[in-house]
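*Asks:* This is the content of upload16.cif (mmCIF, C-alpha atoms):
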data_protein
#
loop_
_atom_site.label_atom_id
_atom_site.label_comp_id
_atom_site.auth_asym_id
_atom_site.auth_seq_id
_atom_site.Cartn_x
_atom_site.Cartn_y
_atom_site.Cartn_z
CA MET A 1 -145.18 -25.22 -177.04
CA ALA A 2 -144.90 -23.84 -180.59
CA LYS A 3 -141.39 -22.62 -179.88
CA ASN A 4 -140.22 -26.01 -178.67
CA LEU A 5 -142.29 -28.15 -181.01
CA VAL A 6 -140.14 -31.08 -181.98
CA ILE A 7 -142.71 -33.49 -183.39
CA SER A 8 -146.03 -32.79 -184.99
CA LYS A 9 -149.43 -33.23 -183.37
CA ILE A 10 -151.52 -36.33 -184.01
CA GLN A 11 -155.22 -36.42 -184.85
CA ASN A 12 -156.35 -39.65 -183.16
CA GLY A 13 -154.24 -41.99 -181.08
CA THR A 14 -152.01 -41.92 -178.02
CA VAL A 15 -149.19 -39.75 -176.75
CA ILE A 16 -146.94 -41.17 -174.08
CA ASP A 17 -145.07 -38.40 -172.34
CA HIS A 18 -142.44 -38.29 -169.58
CA ILE A 19 -140.67 -41.46 -170.63
CA PRO A 20 -137.18 -41.45 -169.05
CA ALA A 21 -134.60 -40.21 -171.56
CA GLY A 22 -133.32 -43.03 -173.71
CA GLU A 23 -136.07 -45.51 -172.75
CA VAL A 24 -138.56 -44.82 -175.53
CA PHE A 25 -137.51 -47.82 -177.60
CA LYS A 26 -138.49 -50.12 -174.76
CA VAL A 27 -141.97 -48.60 -175.00
CA VAL A 28 -141.88 -49.12 -178.78
CA ARG A 29 -141.22 -52.81 -178.15
CA ILE A 30 -143.99 -53.07 -175.53
CA LEU A 31 -146.46 -51.64 -178.05
CA ASP A 32 -145.07 -53.81 -180.80
CA LEU A 33 -144.53 -50.75 -182.97
CA THR A 34 -141.39 -52.00 -184.66
CA GLU A 35 -143.44 -52.41 -187.83
CA PRO A 36 -146.09 -49.73 -187.33
CA LYS A 37 -149.25 -49.49 -189.41
CA GLY A 38 -149.90 -45.81 -188.63
CA THR A 39 -147.58 -42.87 -188.13
CA ILE A 40 -145.42 -42.90 -185.07
CA SER A 41 -143.26 -40.04 -183.88
CA ILE A 42 -140.46 -40.42 -181.40
CA ALA A 43 -138.67 -37.62 -179.61
CA VAL A 44 -135.57 -38.46 -177.61
CA ASN A 45 -133.81 -36.29 -175.01
CA VAL A 46 -136.39 -33.52 -175.06
CA ASP A 47 -135.95 -30.85 -172.37
CA SER A 48 -138.27 -31.39 -169.44
CA ARG A 49 -138.86 -28.96 -166.60
CA LYS A 50 -139.63 -31.82 -164.20
CA TYR A 51 -137.06 -34.43 -165.16
CA GLY A 52 -134.32 -32.57 -167.06
CA LYS A 53 -134.60 -34.76 -170.15
CA LYS A 54 -137.39 -37.03 -171.35
CA ASP A 55 -138.59 -39.03 -174.34
CA ILE A 56 -142.01 -38.78 -176.00
CA LEU A 57 -143.84 -41.26 -178.19
CA LYS A 58 -146.82 -40.35 -180.37
CA THR A 59 -148.72 -43.05 -182.18
CA GLU A 60 -151.50 -42.36 -184.63
CA GLY A 61 -154.57 -44.59 -184.55
CA ARG A 62 -153.42 -46.69 -181.63
CA LYS A 63 -155.18 -47.24 -178.29
CA LEU A 64 -153.41 -48.83 -175.35
CA ASN A 65 -154.81 -51.66 -173.26
CA ASP A 66 -154.29 -52.13 -169.50
CA ARG A 67 -151.64 -54.75 -170.06
CA GLU A 68 -149.58 -52.36 -172.17
CA ILE A 69 -150.07 -49.51 -169.71
CA ASN A 70 -148.90 -51.74 -166.82
CA LYS A 71 -145.76 -52.64 -168.74
CA ILE A 72 -145.12 -48.96 -169.54
CA ALA A 73 -145.47 -48.20 -165.82
CA ILE A 74 -142.55 -50.55 -165.15
CA VAL A 75 -140.35 -49.01 -167.85
CA ALA A 76 -141.44 -45.42 -167.28
CA PRO A 77 -142.93 -44.96 -163.80
CA ASN A 78 -143.61 -41.23 -164.35
CA ALA A 79 -145.12 -41.55 -167.81
CA THR A 80 -148.45 -40.02 -168.72
CA VAL A 81 -150.64 -41.62 -171.33
CA ASN A 82 -152.76 -39.12 -173.28
CA THR A 83 -155.61 -40.29 -175.45
CA ILE A 84 -156.08 -37.98 -178.43
CA LYS A 85 -159.30 -37.48 -180.39
CA ASN A 86 -159.60 -34.90 -183.13
CA ALA A 87 -156.22 -33.47 -182.14
CA LYS A 88 -157.40 -32.86 -178.56
CA VAL A 89 -156.43 -34.64 -175.32
CA VAL A 90 -159.58 -36.38 -174.14
CA LYS A 91 -158.00 -38.47 -171.38
CA LYS A 92 -154.79 -38.13 -169.42
CA THR A 93 -153.61 -41.05 -167.31
CA GLN A 94 -150.66 -41.08 -164.95
CA VAL A 95 -149.36 -44.65 -165.12
CA LYS A 96 -149.11 -46.63 -161.90
CA ILE A 97 -147.71 -50.08 -161.30
CA PRO A 98 -150.54 -52.19 -159.87
CA ASN A 99 -149.85 -54.05 -156.61
CA VAL A 100 -150.25 -57.37 -158.40
CA LEU A 101 -149.03 -58.03 -161.95
CA VAL A 102 -150.68 -61.09 -163.47
CA ASP A 103 -149.36 -62.80 -166.61
CA ILE A 104 -147.22 -59.81 -167.59
CA ILE A 105 -143.74 -60.99 -166.56
CA LYS A 106 -142.30 -64.46 -167.04
CA CYS A 107 -140.72 -65.63 -163.79
CA PRO A 108 -136.96 -65.96 -164.43
CA ASN A 109 -136.79 -69.03 -162.18
CA PRO A 110 -137.04 -72.00 -164.58
CA ALA A 111 -138.23 -74.23 -161.72
CA CYS A 112 -141.16 -71.93 -160.86
CA ILE A 113 -144.52 -73.64 -161.25
CA THR A 114 -145.62 -70.82 -163.58
CA ASN A 115 -143.00 -71.96 -166.12
CA ASN A 116 -144.04 -75.58 -165.91
CA GLU A 117 -147.82 -75.73 -165.59
CA GLU A 118 -149.88 -74.19 -168.35
CA GLU A 119 -152.70 -73.11 -166.06
CA ALA A 120 -150.40 -71.37 -163.58
CA LYS A 121 -150.21 -67.75 -164.70
CA SER A 122 -147.27 -65.71 -163.47
CA LYS A 123 -148.05 -63.35 -160.62
CA PHE A 124 -145.73 -60.73 -159.12
CA TYR A 125 -146.25 -58.49 -156.11
CA VAL A 126 -144.62 -55.10 -155.67
CA VAL A 127 -142.24 -55.32 -152.70
CA ALA A 128 -140.58 -51.91 -153.15
CA GLU A 129 -141.20 -49.09 -155.63
CA ASP A 130 -137.92 -47.20 -155.72
CA PRO A 131 -135.84 -49.02 -156.69
CA LEU A 132 -138.48 -51.39 -157.97
CA VAL A 133 -138.47 -54.90 -156.51
CA LEU A 134 -141.11 -57.44 -157.58
CA LYS A 135 -141.65 -60.82 -155.95
CA CYS A 136 -143.08 -63.94 -157.58
CA ALA A 137 -146.21 -64.93 -155.67
CA TYR A 138 -145.40 -68.62 -156.18
CA CYS A 139 -141.65 -69.19 -155.86
CA ASN A 140 -140.74 -65.95 -154.01
CA THR A 141 -138.05 -65.02 -156.54
CA GLU A 142 -137.36 -61.29 -156.37
CA ILE A 143 -136.58 -59.30 -159.49
CA THR A 144 -135.46 -55.76 -160.28
CA ARG A 145 -136.97 -53.38 -162.84
CA GLU A 146 -134.38 -54.45 -165.46
CA GLU A 147 -135.11 -58.14 -164.87
CA ALA A 148 -138.83 -57.47 -165.12
CA ILE A 149 -138.39 -55.66 -168.45
CA ALA A 150 -136.16 -58.45 -169.78
CA ASN A 151 -138.87 -60.97 -168.93
CA PHE A 152 -141.96 -59.25 -170.29
CA LYS A 153 -144.39 -61.76 -171.76
CA MET B 1 -154.86 -71.19 -140.48
CA PHE B 2 -156.58 -72.80 -143.48
CA ASP B 3 -153.79 -73.69 -145.91
CA LEU B 4 -150.23 -74.30 -144.76
CA VAL B 5 -148.30 -73.33 -147.86
CA SER B 6 -145.63 -71.16 -146.24
CA ILE B 7 -144.40 -70.88 -142.68
CA LEU B 8 -145.62 -67.27 -143.02
CA ASP B 9 -149.17 -68.69 -142.91
CA VAL B 10 -148.52 -69.68 -139.30
CA LYS B 11 -149.10 -67.10 -136.58
CA LYS B 12 -147.53 -67.33 -133.13
CA ARG B 13 -150.87 -68.39 -131.69
CA ASP B 14 -151.19 -71.21 -134.27
CA LEU B 15 -147.71 -72.39 -133.42
CA GLU B 16 -148.46 -72.42 -129.71
CA ASP B 17 -151.58 -74.51 -130.37
CA ILE B 18 -149.57 -76.91 -132.54
CA PHE B 19 -146.88 -77.22 -129.86
CA SER B 20 -149.43 -77.98 -127.12
CA LEU B 21 -151.16 -80.55 -129.33
CA SER B 22 -147.76 -82.06 -130.22
CA ASP B 23 -146.97 -82.40 -126.49
CA LYS B 24 -150.29 -84.17 -126.03
CA PHE B 25 -149.79 -86.54 -128.96
CA SER B 26 -146.14 -87.28 -128.17
CA SER B 27 -147.13 -88.27 -124.64
CA GLY B 28 -149.29 -91.00 -126.14
CA LYS B 29 -152.65 -89.26 -125.88
CA SER B 30 -154.78 -89.27 -128.99
CA ALA B 31 -157.79 -87.61 -130.54
CA LYS B 32 -160.14 -88.67 -133.28
CA ILE B 33 -161.26 -86.87 -136.39
CA SER B 34 -163.90 -89.13 -137.82
CA GLY B 35 -165.23 -89.28 -141.35
CA LYS B 36 -162.41 -87.37 -143.00
CA THR B 37 -159.89 -88.31 -145.65
CA VAL B 38 -156.39 -86.97 -146.15
CA ALA B 39 -154.74 -87.17 -149.58
CA GLY B 40 -150.96 -87.33 -149.86
CA ALA B 41 -149.85 -86.12 -153.29
CA PHE B 42 -146.12 -86.80 -153.38
CA PHE B 43 -144.96 -85.95 -156.88
CA GLU B 44 -141.35 -86.06 -155.62
CA PRO B 45 -139.67 -88.77 -153.47
CA SER B 46 -140.24 -88.68 -149.74
CA THR B 47 -139.64 -91.07 -146.85
CA ARG B 48 -140.18 -89.28 -143.55
CA THR B 49 -142.67 -86.63 -144.62
CA ALA B 50 -144.92 -89.04 -146.53
CA LEU B 51 -144.81 -91.80 -143.91
CA SER B 52 -145.21 -89.51 -140.93
CA PHE B 53 -148.19 -87.74 -142.50
CA GLU B 54 -149.79 -91.09 -143.32
CA THR B 55 -149.14 -92.37 -139.80
CA ALA B 56 -150.42 -89.11 -138.32
CA ALA B 57 -153.65 -89.22 -140.34
CA LYS B 58 -154.30 -92.86 -139.44
CA LYS B 59 -153.56 -92.29 -135.74
CA LEU B 60 -156.20 -89.57 -135.80
CA GLY B 61 -158.68 -92.09 -137.24
CA MET B 62 -158.76 -90.63 -140.73
CA GLN B 63 -158.59 -92.35 -144.09
CA TYR B 64 -155.39 -91.80 -146.04
CA ILE B 65 -155.20 -91.98 -149.82
CA GLY B 66 -152.47 -90.87 -152.15
CA PHE B 67 -149.30 -91.65 -154.04
CA ARG B 68 -145.57 -91.35 -153.55
CA SER B 69 -144.46 -91.26 -157.16
CA THR B 70 -146.07 -90.26 -160.41
CA GLU B 71 -145.59 -93.78 -161.74
CA GLY B 72 -148.93 -95.34 -162.59
CA LEU B 73 -150.76 -92.01 -162.48
CA SER B 74 -152.53 -90.29 -165.35
CA ILE B 75 -149.83 -87.60 -165.13
CA GLU B 76 -147.83 -90.05 -167.23
CA LYS B 77 -150.60 -89.88 -169.82
CA GLY B 78 -150.24 -86.12 -169.83
CA GLU B 79 -152.76 -85.13 -167.15
CA SER B 80 -151.87 -81.75 -165.69
CA PHE B 81 -150.86 -81.08 -162.11
CA ALA B 82 -153.91 -78.81 -161.81
CA ASP B 83 -156.34 -81.56 -162.87
CA THR B 84 -154.71 -84.06 -160.50
CA ILE B 85 -155.23 -81.60 -157.64
CA ARG B 86 -158.88 -81.11 -158.70
CA MET B 87 -159.47 -84.84 -158.45
CA LEU B 88 -157.91 -85.07 -155.00
CA ASP B 89 -159.94 -82.05 -153.94
CA ALA B 90 -163.06 -84.04 -154.83
CA TYR B 91 -161.96 -87.16 -152.96
CA ALA B 92 -160.34 -85.77 -149.80
CA ASP B 93 -160.76 -83.18 -147.05
CA CYS B 94 -157.15 -82.05 -147.10
CA ILE B 95 -154.35 -82.36 -149.65
CA ILE B 96 -150.69 -82.72 -148.76
CA VAL B 97 -148.51 -81.74 -151.72
CA ARG B 98 -144.86 -82.33 -152.43
CA HIS B 99 -143.55 -81.26 -155.82
CA ARG B 100 -140.23 -80.46 -157.45
CA PHE B 101 -141.43 -77.11 -158.77
CA ASP B 102 -141.20 -73.98 -156.62
CA GLY B 103 -144.63 -72.62 -155.79
CA ALA B 104 -146.51 -75.82 -156.65
CA ALA B 105 -148.24 -75.96 -153.26
CA LYS B 106 -149.33 -72.33 -153.51
CA PHE B 107 -150.76 -73.01 -156.97
CA ALA B 108 -152.52 -76.13 -155.65
CA SER B 109 -154.03 -74.07 -152.82
CA GLU B 110 -155.54 -71.68 -155.38
CA ILE B 111 -157.13 -74.56 -157.28
CA ALA B 112 -158.34 -76.66 -154.37
CA GLU B 113 -161.25 -75.69 -152.19
CA LYS B 114 -159.98 -77.95 -149.40
CA PRO B 115 -156.93 -77.04 -147.30
CA VAL B 116 -153.53 -77.67 -148.85
CA ILE B 117 -150.43 -78.49 -146.81
CA ASN B 118 -147.06 -77.90 -148.41
CA ALA B 119 -144.84 -80.93 -147.87
CA GLY B 120 -141.96 -79.32 -149.78
CA ASP B 121 -142.04 -77.37 -153.02
CA GLY B 122 -138.80 -77.38 -154.97
CA LYS B 123 -136.22 -75.18 -153.29
CA ASN B 124 -138.85 -72.87 -151.85
CA GLU B 125 -140.35 -73.99 -148.54
CA HIS B 126 -141.04 -76.94 -146.28
CA PRO B 127 -143.11 -75.41 -143.48
CA THR B 128 -144.11 -78.58 -141.61
CA GLN B 129 -140.43 -79.54 -141.29
CA ALA B 130 -139.72 -76.10 -139.84
CA ILE B 131 -142.46 -76.64 -137.26
CA ILE B 132 -140.83 -79.96 -136.32
CA ASP B 133 -137.44 -78.23 -136.07
CA LEU B 134 -138.86 -75.51 -133.84
CA TYR B 135 -140.71 -78.06 -131.72
CA THR B 136 -137.48 -80.04 -131.22
CA MET B 137 -135.68 -76.88 -130.06
CA ARG B 138 -138.50 -76.05 -127.69
CA LYS B 139 -138.57 -79.59 -126.28
CA THR B 140 -134.79 -79.61 -125.84
CA PHE B 141 -134.30 -76.19 -124.28
CA GLY B 142 -137.75 -75.50 -122.84
CA GLY B 143 -138.06 -72.52 -125.21
CA ILE B 144 -136.60 -70.96 -128.31
CA ASN B 145 -136.00 -67.37 -127.15
CA GLY B 146 -132.36 -66.55 -126.51
CA LEU B 147 -130.91 -69.41 -128.57
CA THR B 148 -127.91 -69.02 -130.87
CA ILE B 149 -128.54 -71.14 -133.94
CA GLY B 150 -125.91 -72.18 -136.45
CA ILE B 151 -127.09 -73.00 -139.95
CA MET B 152 -124.62 -75.24 -141.72
CA GLY B 153 -125.68 -76.40 -145.11
CA ASP B 154 -127.22 -75.48 -148.35
CA ALA B 155 -128.50 -72.01 -147.58
CA LYS B 156 -129.02 -71.55 -151.31
CA TYR B 157 -131.30 -74.46 -152.17
CA ALA B 158 -132.49 -76.08 -148.93
CA ARG B 159 -136.20 -75.38 -148.53
CA THR B 160 -136.12 -76.44 -144.88
CA ILE B 161 -133.65 -73.63 -144.13
CA ASN B 162 -135.91 -71.02 -145.76
CA SER B 163 -138.91 -72.09 -143.69
CA LEU B 164 -136.92 -72.42 -140.47
CA LEU B 165 -135.32 -68.98 -140.81
CA LEU B 166 -138.68 -67.33 -141.41
CA GLY B 167 -140.28 -69.34 -138.60
CA LEU B 168 -137.63 -68.08 -136.16
CA ASN B 169 -139.03 -64.58 -136.73
CA LEU B 170 -141.80 -65.61 -134.33
CA PHE B 171 -139.29 -65.87 -131.50
CA ASP B 172 -136.68 -63.70 -129.87
CA ILE B 173 -133.53 -65.64 -130.64
CA GLU B 174 -130.06 -64.36 -129.77
CA LYS B 175 -128.84 -64.73 -133.34
CA ALA B 176 -128.39 -67.03 -136.33
CA VAL B 177 -124.96 -67.85 -137.70
CA PHE B 178 -124.66 -69.08 -141.28
CA ILE B 179 -121.72 -71.37 -141.84
CA VAL B 180 -121.27 -71.28 -145.60
CA PRO B 181 -118.31 -71.66 -147.96
CA GLU B 182 -116.45 -68.49 -148.94
CA GLY B 183 -118.36 -66.61 -151.64
CA ILE B 184 -121.68 -68.32 -151.04
CA LYS B 185 -124.30 -66.27 -149.31
CA PRO B 186 -127.67 -67.22 -147.88
CA LYS B 187 -130.56 -66.06 -150.04
CA GLU B 188 -131.12 -62.33 -149.78
CA GLU B 189 -134.83 -62.78 -150.41
CA ILE B 190 -134.91 -64.59 -147.06
CA THR B 191 -132.31 -62.69 -145.01
CA ARG B 192 -134.01 -59.40 -145.85
CA GLN B 193 -137.09 -60.64 -144.01
CA LEU B 194 -135.35 -61.70 -140.80
CA ASN B 195 -136.11 -59.68 -137.69
CA TYR B 196 -133.14 -61.02 -135.71
CA LYS B 197 -129.36 -60.64 -135.93
CA TYR B 198 -127.35 -62.95 -138.12
CA GLN B 199 -123.76 -63.34 -139.18
CA ILE B 200 -122.07 -65.23 -142.00
CA LEU B 201 -118.92 -67.28 -141.39
CA SER B 202 -117.06 -69.85 -143.41
CA ASN B 203 -115.28 -71.69 -140.60
CA ALA B 204 -117.45 -73.70 -138.20
CA TYR B 205 -114.66 -73.86 -135.60
CA GLU B 206 -114.86 -70.09 -135.14
CA VAL B 207 -118.33 -70.30 -133.68
CA ILE B 208 -119.10 -73.88 -132.69
CA GLY B 209 -118.51 -73.28 -128.95
CA LYS B 210 -121.12 -70.52 -128.88
CA LEU B 211 -123.98 -72.35 -130.55
CA ASP B 212 -126.99 -73.89 -128.83
CA VAL B 213 -128.18 -75.52 -132.04
CA LEU B 214 -126.21 -76.59 -135.08
CA TYR B 215 -128.75 -77.11 -137.87
CA VAL B 216 -127.24 -79.12 -140.70
CA THR B 217 -128.75 -79.91 -144.09
CA ARG B 218 -127.58 -82.01 -146.98
CA ILE B 219 -126.41 -80.38 -150.19
CA GLN B 220 -129.35 -80.35 -152.58
CA LYS B 221 -127.42 -82.16 -155.30
CA GLU B 222 -130.40 -82.41 -157.62
CA ARG B 223 -130.75 -78.61 -157.77
CA TYR B 224 -127.18 -77.76 -158.84
CA ALA B 225 -126.50 -77.11 -162.51
CA ASP B 226 -122.79 -76.32 -162.02
CA PRO B 227 -120.76 -79.44 -160.98
CA LEU B 228 -117.86 -77.30 -159.71
CA GLU B 229 -120.08 -75.32 -157.40
CA LEU B 230 -121.62 -78.58 -156.17
CA LYS B 231 -118.15 -80.02 -155.42
CA ARG B 232 -117.17 -76.91 -153.46
CA MET B 233 -120.33 -77.14 -151.42
CA GLU B 234 -119.84 -80.84 -150.68
CA GLU B 235 -116.26 -80.34 -149.56
CA ALA B 236 -117.09 -77.40 -147.33
CA TYR B 237 -119.31 -79.27 -144.89
CA LYS B 238 -118.54 -82.07 -142.56
CA VAL B 239 -119.66 -82.48 -138.99
CA THR B 240 -117.12 -84.69 -137.27
CA THR B 241 -116.62 -85.72 -133.65
CA GLN B 242 -113.69 -83.26 -133.55
CA LEU B 243 -116.17 -80.51 -134.27
CA SER B 244 -118.93 -81.80 -132.00
CA GLU B 245 -116.46 -82.13 -129.07
CA ARG B 246 -116.15 -78.35 -129.08
CA MET B 247 -119.87 -77.82 -128.69
CA LYS B 248 -121.42 -76.48 -125.49
CA GLU B 249 -122.41 -79.20 -123.03
CA ASN B 250 -126.13 -79.07 -123.83
CA ALA B 251 -125.89 -77.96 -127.48
CA VAL B 252 -127.61 -80.11 -130.09
CA ILE B 253 -127.17 -81.03 -133.73
CA LEU B 254 -130.37 -81.09 -135.79
CA HIS B 255 -130.83 -82.27 -139.37
CA PRO B 256 -134.09 -82.60 -141.32
CA LEU B 257 -132.71 -85.82 -142.91
CA PRO B 258 -131.93 -87.55 -145.20
CA ARG B 259 -128.31 -87.27 -144.15
CA VAL B 260 -125.76 -88.05 -146.86
CA ASN B 261 -122.12 -87.44 -145.89
CA GLU B 262 -122.37 -84.17 -144.05
CA ILE B 263 -122.51 -85.76 -140.58
CA ASP B 264 -120.05 -88.52 -139.71
CA LYS B 265 -121.76 -91.67 -138.42
CA GLU B 266 -119.70 -91.49 -135.18
CA VAL B 267 -121.42 -88.21 -134.34
CA ASP B 268 -124.68 -90.19 -134.05
CA TYR B 269 -123.39 -91.67 -130.77
CA THR B 270 -122.61 -88.31 -129.15
CA LYS B 271 -125.01 -86.59 -126.75
CA HIS B 272 -125.34 -83.74 -129.22
CA ALA B 273 -127.01 -85.80 -131.96
CA LYS B 274 -130.73 -85.06 -131.82
CA TYR B 275 -131.72 -85.64 -135.43
CA PHE B 276 -133.33 -89.03 -135.01
CA GLN B 277 -135.37 -87.73 -132.08
CA GLN B 278 -136.27 -84.74 -134.30
CA ALA B 279 -137.48 -87.15 -137.01
CA ALA B 280 -139.53 -89.05 -134.42
CA TYR B 281 -141.35 -85.83 -133.53
CA GLY B 282 -142.56 -85.84 -137.14
CA VAL B 283 -145.60 -87.95 -136.27
CA PRO B 284 -146.95 -86.04 -133.23
CA VAL B 285 -146.23 -82.67 -134.83
CA ARG B 286 -147.96 -83.64 -138.09
CA MET B 287 -150.86 -85.06 -136.07
CA ALA B 288 -151.06 -81.65 -134.40
CA ILE B 289 -150.99 -79.84 -137.75
CA LEU B 290 -153.73 -82.06 -139.20
CA TYR B 291 -155.76 -81.68 -136.03
CA LYS B 292 -155.37 -77.91 -136.10
CA ILE B 293 -156.53 -77.75 -139.74
CA LEU B 294 -159.20 -80.47 -139.79
CA GLY B 295 -160.17 -81.03 -136.19
CA GLY B 296 -162.15 -77.86 -135.55
#
Could you show the structure in this file as structure tokens?

*Replies:*
Amino acid sequence: MAKNLVISKIQNGTVIDHIPAGEVFKVVRILDLTEPKGTISIAVNVDSRKYGKKDILKTEGRKLNDREINKIAIVAPNATVNTIKNAKVVKKTQVKIPNVLVDIIKCPNPACITNNEEEAKSKFYVVAEDPLVLKCAYCNTEITREEAIANFK
Amino acid sequence: MFDLVSILDVKKRDLEDIFSLSDKFSSGKSAKISGKTVAGAFFEPSTRTALSFETAAKKLGMQYIGFRSTEGLSIEKGESFADTIRMLDAYADCIIVRHRFDGAAKFASEIAEKPVINAGDGKNEHPTQAIIDLYTMRKTFGGINGLTIGIMGDAKYARTINSLLLGLNLFDIEKAVFIVPEGIKPKEEITRQLNYKYQILSNAYEVIGKLDVLYVTRIQKERYADPLELKRMEEAYKVTTQLSERMKENAVILHPLPRVNEIDKEVDYTKHAKYFQQAAYGVPVRMAILYKILGG
């Protein structure tokens, strides 16, 4: 690792590894890190044995919630989320898109009940994983990964 | 079957029960469900669906409450759809919902503890109409297996087409033929789910002589944002006597109604026109659906 070290270690926070090359800024937006309070380090196009190239995001003093992890799973299906305490990995999570995504994606169909009734929260089911196809549980509109990302709530 | 939100809620066995009950009710026999109330929540205009459900409920001896427009309701004071459904859930044993938003019936079914029947939600589904369509085919031909069914109409926005196409998965039809203007395709979300063959044509004359059923729908004017696309759609469809003359001897034309200009009035007098008979089946079939849901 020392030989290939491109960004420094963090003390406490989260490291998101195995983000597809070039997609790290989508993760930055998901985590609302455009105006970060702590240190963030971004590595783009890092060599990866598994995927050829990958991006890495390290964020000091930041924990991720389930909602953020589910969104990251859509952007970066192979990502791992490492929780760091005292410069050590204390938890390593392989992200996974849940079968049902509630209130995470705005349905792109303007006539969907979820866009017109406050109480109706958006709900999408996974129809296919690769390539990703999600289906609105209410209006049956199907969306791709790109459409899902464009409609994150 | 508890809720009837999508035609996918209906299993083959349910459909067979509904067909047998429809036969019974259309032959004049009746049944009573006493002490129950049906609520018709029509947030969007309706003639046949609202009236046939009301007639069906009353013929089964049930009380019928409800509305056919939001005028005069507290919705106008800002009451939410969800709260309106909650009220009806408290007053009735079953709620029939029609709404202009896609997925409204599904949302209502999650709020209500009582069964919810989808009477048309936006451009999504209209499952009870599909059951009437299937029943009419079965009555006409003695069965649905082996039929070649032409779909001429608004395959993009017509909710009745979505429900009918998915309902046909329960049978072993020969094939479906979409007759749509050049460049317009039926919805992939639906065609991907079909377990039977289908083809897409733009000229009805190419296929009319091979069809057993020509299912026609009106163009869903209210759902088009682009006036040019709407004009193209309107010009592309017209069932005339010249077309119907080329149909097979026993082939039929069905239409969920209301008809606008897509079927010439003269076609009404041909032996192929079955759409008014189809509309008449609305009462016995909806009696059967209510009986299936509330009669047990």

*Asks:* Pull out every residue that the PyMOL selection byres ((chain B) within 9 of (chain A)) matches in the shown coordinates and put them as a PyMOL selection string.

*Replies:* chain B and resi 80-82+100-107+121-125+189

*Asks:* Using the chain letters and numbering of this document, enumerate as a PyMOL selection string the residues selected by the PyMOL selection byres ((chain B and resi 35) around 9).

*Replies:* chain B and resi 33-34+36-37+61-63

*Asks:* Just the selected residues (C-alpha atoms), exported as a JSON list (two decimals), in the frame of the given file, please.

*Replies:*
[["chain", "number", "residue", "atom", "x", "y", "z"],
["B", 33, "ILE", "CA", -161.26, -86.87, -136.39],
["B", 34, "SER", "CA", -163.90, -89.13, -137.82],
["B", 36, "LYS", "CA", -162.41, -87.37, -143.00],
["B", 37, "THR", "CA", -159.89, -88.31, -145.65],
["B", 61, "GLY", "CA", -158.68, -92.09, -137.24],
["B", 62, "MET", "CA", -158.76, -90.63, -140.73],
["B", 63, "GLN", "CA", -158.59, -92.35, -144.09]]

*Asks:* Once the PyMOL selection byres ((chain A and resi 131) around 12) is applied to the coordinates I shared, what remains selected? I want it as a ChimeraX atom specification.

*Replies:* /A:74,77,126-130,132-134,143-146

*Asks:* Report the distance between atom CA of B:Gly40 and atom CA of B:Ile117 in Å, rounded to one decimal place.

*Replies:*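 Interatomic distance, atom CA of B:Gly40 to atom CA of B:Ile117: 9.4 Å.
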
*Asks:* Excluding same-chain residues fewer than 4 positions from stretch 7-9 of chain B, what lies within 10 Å of it counting all atoms listed in the file, as a list in words?

*Replies:* Met1, Phe2, Asp3, Asp14, Leu15, Asn118, Glu125, His126, Pro127, Thr128, Gln129, Ala130, Ile131, Asn162, Ser163, Leu164, Leu165, Leu166, Gly167, Leu168, Asn169 and Leu170 of chain B

*Asks:* Just give me the gap between atom CA of B:Thr217 and atom CA of B:Arg259 in Å, one decimal is fine.

*Replies:*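 Spanning atom CA of B:Thr217 to atom CA of B:Arg259 is a straight-line distance of 7.4 Å.
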
*Asks:* So which one's closest to B:Tyr64, B:Phe43, B:Tyr91, B:Tyr269, B:Phe276? Using all atoms listed in the file, please.

*Replies:*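 With all atoms listed in the file as the atom set, the closest residue is B:Tyr91.
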
*Asks:* Taking (-125.0, -80.0, -142.4) in the coordinates of the supplied file, I want to know which residues reach to within 8 Å of it, counting only C-alpha atoms; could you give the answer as a list in words?

*Replies:*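 Within 8 Å of (-125.0, -80.0, -142.4), the protein and nucleic acid residues are Ile151, Met152, Gly153, Asp154, Tyr215, Val216, Thr217, Arg218, Ile219, Tyr237, Lys238, Val239, His255, Glu262 and Ile263 of chain B.
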
*Asks:* With 10 Å as the threshold, what does the neighbourhood of (-159.0, -37.4, -185.7) contain in terms of residues, counting all atoms listed in the file? Coordinates are those of the file; answer as a list of chain:residue names.

*Replies:*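 Returned residue set, sorted by chain then number, is A:Ile10, A:Gln11, A:Asn12, A:Gly13, A:Glu60, A:Gly61, A:Ile84, A:Lys85, A:Asn86, A:Ala87, A:Lys88.
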
*Asks:* Since we have the selection now, will you write its residues out, keeping C-alpha atoms, as a PDB file, in the frame of the given file?

*Replies:*
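Just written: again-v3.pdb:
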ATOM      1  CA  ILE A  10    -151.520 -36.330-184.010  1.00  0.00           C
ATOM      2  CA  GLN A  11    -155.220 -36.420-184.850  1.00  0.00           C
ATOM      3  CA  ASN A  12    -156.350 -39.650-183.160  1.00  0.00           C
ATOM      4  CA  GLY A  13    -154.240 -41.990-181.080  1.00  0.00           C
ATOM      5  CA  GLU A  60    -151.500 -42.360-184.630  1.00  0.00           C
ATOM      6  CA  GLY A  61    -154.570 -44.590-184.550  1.00  0.00           C
ATOM      7  CA  ILE A  84    -156.080 -37.980-178.430  1.00  0.00           C
ATOM      8  CA  LYS A  85    -159.300 -37.480-180.390  1.00  0.00           C
ATOM      9  CA  ASN A  86    -159.600 -34.900-183.130  1.00  0.00           C
ATOM     10  CA  ALA A  87    -156.220 -33.470-182.140  1.00  0.00           C
ATOM     11  CA  LYS A  88    -157.400 -32.860-178.560  1.00  0.00           C
TER      12      LYS A  88
END
